[in-house]
>>> print(open('coords21.pdb').read())   # PDB, C-alpha atoms
ATOM      1  CA  MET P   1      -3.909  10.204  15.768
ATOM      2  CA  ALA P   2      -6.672  12.620  16.669
ATOM      3  CA  ASP P   3      -5.794  15.414  14.304
ATOM      4  CA  LEU P   4      -3.666  13.580  11.755
ATOM      5  CA  PHE P   5      -5.518  15.031   8.798
ATOM      6  CA  ALA P   6      -5.416  18.619  10.035
ATOM      7  CA  ARG P   7      -1.833  18.797  11.224
ATOM      8  CA  ASP P   8       1.671  19.599  10.053
ATOM      9  CA  PRO P   9       2.798  16.275   8.490
ATOM     10  CA  SER P  10       6.388  16.940   9.624
ATOM     11  CA  ALA P  11       5.400  17.093  13.292
ATOM     12  CA  PRO P  12       5.959  13.898  15.312
ATOM     13  CA  LEU P  13       3.027  11.710  16.286
ATOM     14  CA  ALA P  14       2.678   9.649  19.457
ATOM     15  CA  PRO P  15       2.286   5.950  18.538
ATOM     16  CA  PRO P  16      -1.016   4.541  19.822
ATOM     17  CA  ASP P  17      -1.213   1.896  22.515
ATOM     18  CA  GLU P  18      -2.160  -1.727  21.929
ATOM     19  CA  ALA P  19      -5.859  -1.154  22.611
ATOM     20  CA  GLU P  20      -6.013   1.588  19.978
ATOM     21  CA  ARG P  21      -4.208  -0.638  17.470
ATOM     22  CA  ARG P  22      -6.739  -3.386  18.040
ATOM     23  CA  ALA P  23      -9.596  -0.908  17.678
ATOM     24  CA  LEU P  24      -8.105   0.352  14.421
ATOM     25  CA  VAL P  25      -7.948  -3.177  13.039
ATOM     26  CA  ALA P  26     -11.511  -3.772  14.241
ATOM     27  CA  LEU P  27     -12.733  -0.617  12.504
ATOM     28  CA  SER P  28     -11.078  -1.672   9.252
ATOM     29  CA  LEU P  29     -12.884  -5.032   9.412
ATOM     30  CA  VAL P  30     -16.376  -3.502   9.653
ATOM     31  CA  PRO P  31     -18.218  -4.102   6.356
ATOM     32  CA  GLY P  32     -18.508  -0.909   4.324
ATOM     33  CA  VAL P  33     -15.746   0.952   6.161
ATOM     34  CA  GLY P  34     -13.012   1.602   3.620
ATOM     35  CA  PRO P  35      -9.932   3.825   3.969
ATOM     36  CA  GLY P  36     -11.839   7.022   3.187
ATOM     37  CA  ARG P  37     -14.388   6.422   5.927
ATOM     38  CA  VAL P  38     -11.687   5.366   8.382
ATOM     39  CA  ARG P  39      -9.938   8.664   7.676
ATOM     40  CA  ALA P  40     -13.120  10.665   8.177
ATOM     41  CA  LEU P  41     -14.039   8.807  11.363
ATOM     42  CA  LEU P  42     -10.597   9.219  12.925
ATOM     43  CA  ALA P  43     -10.655  12.922  12.101
ATOM     44  CA  ALA P  44     -14.110  13.267  13.654
ATOM     45  CA  PHE P  45     -13.654  11.215  16.826
ATOM     46  CA  GLY P  46      -9.922  11.360  17.431
ATOM     47  CA  SER P  47      -9.321   7.628  17.750
ATOM     48  CA  ALA P  48     -10.558   4.246  16.605
ATOM     49  CA  ARG P  49     -11.670   3.425  20.153
ATOM     50  CA  ALA P  50     -13.820   6.531  20.330
ATOM     51  CA  THR P  51     -15.256   5.726  16.901
ATOM     52  CA  MET P  52     -16.211   2.196  17.897
ATOM     53  CA  ALA P  53     -17.901   3.570  21.050
ATOM     54  CA  ALA P  54     -19.789   6.404  19.306
ATOM     55  CA  SER P  55     -23.558   6.363  18.994
ATOM     56  CA  THR P  56     -25.294   5.857  15.678
ATOM     57  CA  SER P  57     -26.593   9.426  15.778
ATOM     58  CA  ARG P  58     -23.048  10.780  16.111
ATOM     59  CA  LEU P  59     -21.628   8.452  13.497
ATOM     60  CA  VAL P  60     -24.130   9.475  10.825
ATOM     61  CA  ARG P  61     -23.079  13.097  11.221
ATOM     62  CA  VAL P  62     -19.647  12.233   9.814
ATOM     63  CA  ASN P  63     -19.351  13.114   6.143
ATOM     64  CA  GLY P  64     -19.620   9.997   3.984
ATOM     65  CA  VAL P  65     -20.979   7.738   6.738
ATOM     66  CA  GLY P  66     -24.562   6.677   6.105
ATOM     67  CA  ARG P  67     -26.941   5.018   8.533
ATOM     68  CA  GLN P  68     -26.187   1.517   7.263
ATOM     69  CA  THR P  69     -22.454   1.971   7.878
ATOM     70  CA  ALA P  70     -23.070   3.641  11.234
ATOM     71  CA  GLU P  71     -25.261   0.761  12.361
ATOM     72  CA  ALA P  72     -22.659  -1.741  11.164
ATOM     73  CA  ILE P  73     -20.028  -0.012  13.328
ATOM     74  CA  ARG P  74     -22.333  -0.004  16.355
ATOM     75  CA  ALA P  75     -23.261  -3.668  15.839
ATOM     76  CA  TRP P  76     -19.734  -4.922  15.225
ATOM     77  CA  ASP P  77     -18.560  -7.134  18.068
ATOM     78  CA  ASP P  78     -16.088  -9.653  16.738
ATOM     79  CA  ALA P  79     -13.019  -9.667  18.958
ATOM     80  CA  PRO P  80     -12.036 -13.139  17.664
ATOM     81  CA  ALA P  81     -11.661 -11.663  14.162
ATOM     82  CA  VAL P  82      -9.192  -9.105  15.515
ATOM     83  CA  ASP P  83      -7.364 -11.846  17.424
ATOM     84  CA  ALA P  84      -7.185 -13.850  14.207
ATOM     85  CA  GLN P  85      -5.573 -10.940  12.370
ATOM     86  CA  PHE P  86      -2.761 -10.662  14.900
ATOM     87  CA  GLN P  87      -2.366 -14.435  15.092
ATOM     88  CA  ARG P  88      -2.052 -14.717  11.317
ATOM     89  CA  ALA P  89       0.403 -11.843  11.298
ATOM     90  CA  GLU P  90       2.531 -13.514  13.957
ATOM     91  CA  ALA P  91       2.490 -16.781  12.022
ATOM     92  CA  VAL P  92       4.053 -15.162   8.930
ATOM     93  CA  GLY P  93       6.239 -12.642  10.761
ATOM     94  CA  ALA P  94       4.210  -9.549   9.839
ATOM     95  CA  ARG P  95       3.530  -6.560  12.039
ATOM     96  CA  LEU P  96       1.137  -3.657  12.101
ATOM     97  CA  VAL P  97       2.523  -0.213  11.243
ATOM     98  CA  VAL P  98       0.143   2.708  11.839
ATOM     99  CA  VAL P  99       0.432   6.289  10.638
ATOM    100  CA  ALA P 100       1.855   7.416  13.987
ATOM    101  CA  ASP P 101       4.693   4.875  13.952
ATOM    102  CA  PRO P 102       8.138   6.233  13.054
ATOM    103  CA  ASP P 103       8.632   3.677  10.276
ATOM    104  CA  TYR P 104       5.363   4.463   8.521
ATOM    105  CA  PRO P 105       6.466   5.821   5.108
ATOM    106  CA  ALA P 106       6.748   9.593   5.462
ATOM    107  CA  LEU P 107       5.807  10.267   1.842
ATOM    108  CA  LEU P 108       2.681   8.129   2.180
ATOM    109  CA  ARG P 109       1.477  10.279   5.084
ATOM    110  CA  GLU P 110       1.383  13.266   2.719
ATOM    111  CA  ILE P 111      -1.151  11.921   0.204
ATOM    112  CA  TYR P 112      -4.827  12.777   0.308
ATOM    113  CA  ASP P 113      -5.947   9.303   1.383
ATOM    114  CA  PRO P 114      -3.157   7.539   3.277
ATOM    115  CA  PRO P 115      -4.004   4.116   4.676
ATOM    116  CA  SER P 116      -4.497   4.259   8.418
ATOM    117  CA  HIS P 117      -2.224   1.260   8.789
ATOM    118  CA  LEU P 118      -0.101  -1.218   6.881
ATOM    119  CA  TRP P 119       0.712  -4.840   7.528
ATOM    120  CA  VAL P 120       4.448  -5.213   6.911
ATOM    121  CA  LEU P 121       6.758  -8.135   6.224
ATOM    122  CA  GLY P 122      10.409  -7.155   6.443
ATOM    123  CA  ARG P 123      11.596  -3.675   7.355
ATOM    124  CA  LEU P 124      10.734  -0.158   6.295
ATOM    125  CA  THR P 125      13.648   2.190   7.024
ATOM    126  CA  GLU P 126      14.597   5.838   6.689
ATOM    127  CA  ALA P 127      16.340   4.916   3.445
ATOM    128  CA  ASP P 128      12.904   4.356   1.904
ATOM    129  CA  ALA P 129      12.224   8.100   2.065
ATOM    130  CA  LEU P 130      14.200   8.162  -1.191
ATOM    131  CA  ALA P 131      12.058   5.866  -3.319
ATOM    132  CA  VAL P 132      10.989   5.646  -6.944
ATOM    133  CA  ALA P 133       8.307   3.351  -8.318
ATOM    134  CA  VAL P 134       8.909   1.336 -11.479
ATOM    135  CA  VAL P 135       5.624   0.104 -12.935
ATOM    136  CA  GLY P 136       4.206  -1.237 -16.149
ATOM    137  CA  THR P 137       2.224  -3.895 -17.893
ATOM    138  CA  ARG P 138       1.934  -7.485 -16.714
ATOM    139  CA  ARG P 139       2.171  -8.532 -20.374
ATOM    140  CA  ALA P 140       5.609  -7.033 -20.769
ATOM    141  CA  SER P 141       7.743  -7.530 -23.841
ATOM    142  CA  ASP P 142      11.440  -8.316 -23.603
ATOM    143  CA  TYR P 143      11.992  -4.585 -24.204
ATOM    144  CA  GLY P 144       9.753  -3.641 -21.282
ATOM    145  CA  ARG P 145      11.440  -6.085 -18.910
ATOM    146  CA  ARG P 146      14.866  -4.811 -19.980
ATOM    147  CA  VAL P 147      13.805  -1.195 -19.441
ATOM    148  CA  ALA P 148      12.394  -1.995 -15.990
ATOM    149  CA  GLY P 149      15.515  -3.895 -15.044
ATOM    150  CA  ALA P 150      17.892  -1.196 -16.267
ATOM    151  CA  PHE P 151      16.122   1.615 -14.406
ATOM    152  CA  ALA P 152      15.672  -0.440 -11.229
ATOM    153  CA  CYS P 153      19.304  -1.553 -11.259
ATOM    154  CA  ASP P 154      20.651   1.982 -11.628
ATOM    155  CA  LEU P 155      18.230   3.411  -9.077
ATOM    156  CA  ALA P 156      19.098   0.739  -6.517
ATOM    157  CA  ALA P 157      22.815   1.168  -7.124
ATOM    158  CA  ALA P 158      22.376   4.898  -6.402
ATOM    159  CA  GLY P 159      20.710   4.162  -3.054
ATOM    160  CA  VAL P 160      17.115   4.654  -4.208
ATOM    161  CA  THR P 161      14.491   2.183  -2.963
ATOM    162  CA  VAL P 162      12.562   0.637  -5.855
ATOM    163  CA  VAL P 163       8.813   0.308  -5.242
ATOM    164  CA  SER P 164       6.475  -1.834  -7.347
ATOM    165  CA  GLY P 165       3.528  -4.199  -7.134
ATOM    166  CA  LEU P 166       5.091  -7.705  -7.392
ATOM    167  CA  ALA P 167       3.000  -8.451 -10.490
ATOM    168  CA  TYR P 168       4.119 -10.345 -13.560
ATOM    169  CA  GLY P 169       6.058  -8.480 -16.231
ATOM    170  CA  VAL P 170       7.504  -5.072 -15.430
ATOM    171  CA  ASP P 171       6.947  -5.199 -11.658
ATOM    172  CA  ILE P 172       8.847  -8.383 -10.932
ATOM    173  CA  ALA P 173      11.637  -7.415 -13.333
ATOM    174  CA  ALA P 174      12.092  -4.206 -11.312
ATOM    175  CA  HIS P 175      12.123  -5.987  -7.951
ATOM    176  CA  ARG P 176      14.636  -8.585  -9.111
ATOM    177  CA  ALA P 177      16.954  -6.019 -10.687
ATOM    178  CA  ALA P 178      16.978  -3.949  -7.495
ATOM    179  CA  LEU P 179      17.887  -7.025  -5.470
ATOM    180  CA  ASP P 180      20.572  -8.069  -7.949
ATOM    181  CA  ALA P 181      22.098  -4.588  -7.596
ATOM    182  CA  GLY P 182      22.277  -4.998  -3.831
ATOM    183  CA  GLY P 183      19.589  -2.379  -3.230
ATOM    184  CA  ARG P 184      16.290  -2.119  -1.429
ATOM    185  CA  THR P 185      12.858  -2.818  -2.860
ATOM    186  CA  VAL P 186       9.300  -2.593  -1.491
ATOM    187  CA  ALA P 187       6.496  -4.733  -2.899
ATOM    188  CA  VAL P 188       2.952  -3.434  -2.380
ATOM    189  CA  LEU P 189       0.252  -6.109  -2.501
ATOM    190  CA  GLY P 190      -3.416  -6.072  -3.435
ATOM    191  CA  SER P 191      -3.974  -9.008  -1.062
ATOM    192  CA  GLY P 192      -3.101  -9.845   2.511
ATOM    193  CA  VAL P 193       0.625 -10.183   3.203
ATOM    194  CA  ASP P 194       0.012 -13.829   4.047
ATOM    195  CA  ARG P 195      -1.377 -14.426   0.553
ATOM    196  CA  ILE P 196       1.469 -13.588  -1.807
ATOM    197  CA  TYR P 197       0.103 -12.897  -5.255
ATOM    198  CA  PRO P 198       1.097 -14.138  -7.676
ATOM    199  CA  HIS P 199       2.178 -17.168  -5.661
ATOM    200  CA  ARG P 200       4.932 -17.825  -8.196
ATOM    201  CA  HIS P 201       6.738 -14.775  -6.795
ATOM    202  CA  SER P 202       6.883 -16.145  -3.254
ATOM    203  CA  ALA P 203      10.567 -16.940  -3.757
ATOM    204  CA  ASP P 204      11.210 -13.269  -4.557
ATOM    205  CA  VAL P 205       9.449 -12.258  -1.342
ATOM    206  CA  ARG P 206      11.578 -14.734   0.571
ATOM    207  CA  ARG P 207      14.676 -13.195  -0.986
ATOM    208  CA  ILE P 208      13.628  -9.678   0.084
ATOM    209  CA  LEU P 209      13.180 -10.915   3.640
ATOM    210  CA  ASP P 210      16.224 -13.178   3.827
ATOM    211  CA  GLU P 211      18.522 -10.454   2.460
ATOM    212  CA  ASP P 212      16.931  -7.767   4.671
ATOM    213  CA  ALA P 213      16.532  -5.837   1.431
ATOM    214  CA  GLY P 214      13.176  -4.157   1.873
ATOM    215  CA  ALA P 215       9.600  -5.008   2.711
ATOM    216  CA  VAL P 216       6.287  -6.379   1.516
ATOM    217  CA  VAL P 217       3.326  -4.226   2.561
ATOM    218  CA  SER P 218      -0.452  -4.211   2.297
ATOM    219  CA  GLU P 219      -3.332  -2.248   3.783
ATOM    220  CA  PHE P 220      -5.630  -5.249   3.307
ATOM    221  CA  PRO P 221      -6.423  -7.644   6.157
ATOM    222  CA  LEU P 222      -4.499 -10.847   6.575
ATOM    223  CA  GLY P 223      -6.186 -13.499   4.468
ATOM    224  CA  ALA P 224      -7.589 -11.012   1.941
ATOM    225  CA  ALA P 225      -7.755 -12.414  -1.590
ATOM    226  CA  PRO P 226      -6.238 -10.531  -4.548
ATOM    227  CA  ASP P 227      -9.596  -9.247  -5.793
ATOM    228  CA  ALA P 228      -9.569  -6.953  -8.814
ATOM    229  CA  VAL P 229     -11.135  -4.072  -6.850
ATOM    230  CA  ASN P 230      -8.117  -4.035  -4.524
ATOM    231  CA  PHE P 231      -5.550  -3.037  -7.109
ATOM    232  CA  PRO P 232      -6.485   0.630  -7.640
ATOM    233  CA  ARG P 233      -6.143   1.055  -3.863
ATOM    234  CA  ARG P 234      -2.820  -0.778  -4.018
ATOM    235  CA  ASN P 235      -1.623   1.508  -6.820
ATOM    236  CA  ARG P 236      -2.120   4.694  -4.784
ATOM    237  CA  ILE P 237       0.271   3.262  -2.189
ATOM    238  CA  VAL P 238       2.861   2.370  -4.846
ATOM    239  CA  SER P 239       2.927   5.970  -6.065
ATOM    240  CA  GLY P 240       2.294   7.492  -2.644
ATOM    241  CA  MET P 241       5.419   5.889  -1.180
ATOM    242  CA  SER P 242       7.528   7.205  -4.045
ATOM    243  CA  ARG P 243       8.994  10.542  -5.087
ATOM    244  CA  GLY P 244       8.412   9.634  -8.724
ATOM    245  CA  VAL P 245       6.970   6.912 -10.939
ATOM    246  CA  VAL P 246       8.721   5.415 -13.951
ATOM    247  CA  VAL P 247       6.299   3.800 -16.408
ATOM    248  CA  ALA P 248       8.549   1.306 -18.179
ATOM    249  CA  GLU P 249       6.015  -0.115 -20.636
ATOM    250  CA  ALA P 250       2.241   0.078 -20.834
ATOM    251  CA  HIS P 251      -0.775  -0.734 -22.921
ATOM    252  CA  GLU P 252      -3.198   2.099 -23.670
ATOM    253  CA  SER P 253      -5.409   1.017 -20.796
ATOM    254  CA  GLY P 254      -4.578  -0.760 -17.584
ATOM    255  CA  GLY P 255      -3.075  -0.411 -14.149
ATOM    256  CA  ALA P 256       0.178   1.263 -15.185
ATOM    257  CA  LEU P 257      -1.548   4.326 -16.635
ATOM    258  CA  LEU P 258      -3.927   4.353 -13.675
ATOM    259  CA  THR P 259      -0.915   4.517 -11.356
ATOM    260  CA  ALA P 260       0.560   7.325 -13.438
ATOM    261  CA  GLY P 261      -2.687   9.284 -13.140
ATOM    262  CA  ILE P 262      -2.814   8.768  -9.377
ATOM    263  CA  ALA P 263       0.825   9.896  -9.138
ATOM    264  CA  VAL P 264      -0.018  13.162 -10.894
ATOM    265  CA  GLU P 265      -2.888  13.734  -8.445
ATOM    266  CA  GLN P 266      -0.440  13.113  -5.586
ATOM    267  CA  ASN P 267       1.958  15.712  -7.027
ATOM    268  CA  ARG P 268       4.559  13.081  -7.862
ATOM    269  CA  GLU P 269       6.888  13.161 -10.858
ATOM    270  CA  VAL P 270       5.935  10.804 -13.680
ATOM    271  CA  PHE P 271       8.499   9.515 -16.170
ATOM    272  CA  ALA P 272       7.347   7.653 -19.279
ATOM    273  CA  VAL P 273       9.830   5.542 -21.240
ATOM    274  CA  PRO P 274       9.197   5.736 -25.012
ATOM    275  CA  ALA P 275       7.842   2.534 -26.492
ATOM    276  CA  SER P 276       9.679   0.536 -29.092
ATOM    277  CA  VAL P 277       8.480   1.465 -32.581
ATOM    278  CA  PHE P 278       7.952  -2.270 -33.164
ATOM    279  CA  ALA P 279       5.758  -2.817 -30.086
ATOM    280  CA  GLU P 280       2.008  -2.785 -29.625
ATOM    281  CA  THR P 281       2.469  -1.390 -26.118
ATOM    282  CA  GLN P 282       2.266   2.314 -26.936
ATOM    283  CA  GLY P 283       0.594   3.358 -23.677
ATOM    284  CA  THR P 284       3.519   5.389 -22.355
ATOM    285  CA  HIS P 285       3.059   7.849 -25.204
ATOM    286  CA  ARG P 286      -0.178   8.923 -23.556
TER     287      ARG P 286
END
>>> encode(input="coords21.pdb", output="structure tokens")
Amino acid sequence: MADLFARDPSAPLAPPDEAERRALVALSLVPGVGPGRVRALLAAFGSARATMAASTSRLVRVNGVGRQTAEAIRAWDDAPAVDAQFQRAEAVGARLVVVADPDYPALLREIYDPPSHLWVLGRLTEADALAVAVVGTRRASDYGRRVAGAFACDLAAAGVTVVSGLAYGVDIAAHRAALDAGGRTVAVLGSGVDRIYPHRHSADVRRILDEDAGAVVSEFPLGAAPDAVNFPRRNRIVSGMSRGVVVAEAHESGGALLTAGIAVEQNREVFAVPASVFAETQGTHR
């Protein structure tokens, strides 16, 4: 993992050992250390273990790491919290997938700010290298749900993995249509994988797992609540895992257009479905 962010993304990586995986989880639990700082620290020190052992004076020399964050890293000593993460993961059947693992999504490695690791329920496979996201408003009209379902059904039937965020409205319509078509779907959460949100969609998650039809993934720790600040980070994974993003229906502000904007920044294709002339949801025309 030492030179992940200055290397040929097609070159193979050596998966880290168990101690490095634990150190990576520990680093992600330090207050104030988000994905951007994890990326910078791994690039600077070569590993999570080396980062956790670095002196404050060395840590503060890393771009974006201030003294408060550096001191928090040096002071962090909570092995039970790391144990708890792996125990919670085992309890729900989740596992840790890091950037060097062969089943880490190849497309996600290519974005500017890939998560250093994902917690995964189910299976990510080579088939997911051909993926398209179907996203849209939670307050979807019948038209929006039909659009999402039609695109997801046809994509899944053609062997394309359908990626979305498990939310109400467009997202869940896309997941269900992909499953009904016998295809694969990946749900990206803005909470821990042991806290399915919305809880009403837990049965859909169970179906993904029982039918071995995809995965549920999150970069957030086990137990993390679905806080509003998490969803922009979630959205970059939705688009980052995908070759393109279909915006099925959207209001003029909200997460769907945010995902579309992130997709453009990631050099992904964006497809906007025209809104019904009778609908208030005219966001795709933007």
>>> closest_residue(input="coords21.pdb", among="P:Pro16, P:Pro221, P:Pro105, P:Gly144", to="Val30 (chain P)", atoms="only C-alpha atoms")
P:Pro221
>>> axis_aligned_box(input="coords21.pdb", around="region 107-112 of chain P", padding_each_side="5 Å", output="AutoDock Vina command-line options")
--center_x 0.5 --center_y 10.7 --center_z 2.6 --size_x 20.6 --size_y 15.1 --size_z 14.9
>>> resolve_selection(input="coords21.pdb", expression="the PyMOL selection byres ((chain P and resi 173) around 8)", output="list of chain:residue names")
P:Arg145, P:Arg146, P:Ala148, P:Gly149, P:Gly169, P:Val170, P:Asp171, P:Ile172, P:Ala174, P:His175, P:Arg176, P:Ala177
>>> resolve_selection(input="coords21.pdb", expression="the PyMOL selection byres ((chain P and resi 53-56) around 8)", output="list in words")
Arg49, Ala50, Thr51, Met52, Ser57, Arg58, Leu59, Val60, Arg67, Ala70, Glu71 and Arg74 of chain P
>>> residues_around(input="coords21.pdb", residues="Asn267 (chain P)", least_positions_apart="5", cutoff="12 Å", atoms="all atoms listed in the file", output="ChimeraX atom specification")
/P:107-108,110-112,236,239-245,260-262
>>> atom_distance(input="coords21.pdb", atom1="CA of Arg22 (chain P)", atom2="CA of Gly214 (chain P)")
25.7 Å
>>> resolve_selection(input="coords21.pdb", expression="the PyMOL selection byres ((chain P and resi 187) around 6)", output="PDB file with C-alpha atoms, in the coordinates of the input")
ATOM      1  CA  SER P 164       6.475  -1.834  -7.347  1.00  0.00           C
ATOM      2  CA  GLY P 165       3.528  -4.199  -7.134  1.00  0.00           C
ATOM      3  CA  LEU P 166       5.091  -7.705  -7.392  1.00  0.00           C
ATOM      4  CA  VAL P 186       9.300  -2.593  -1.491  1.00  0.00           C
ATOM      5  CA  VAL P 188       2.952  -3.434  -2.380  1.00  0.00           C
ATOM      6  CA  VAL P 216       6.287  -6.379   1.516  1.00  0.00           C
TER       7      VAL P 216
END
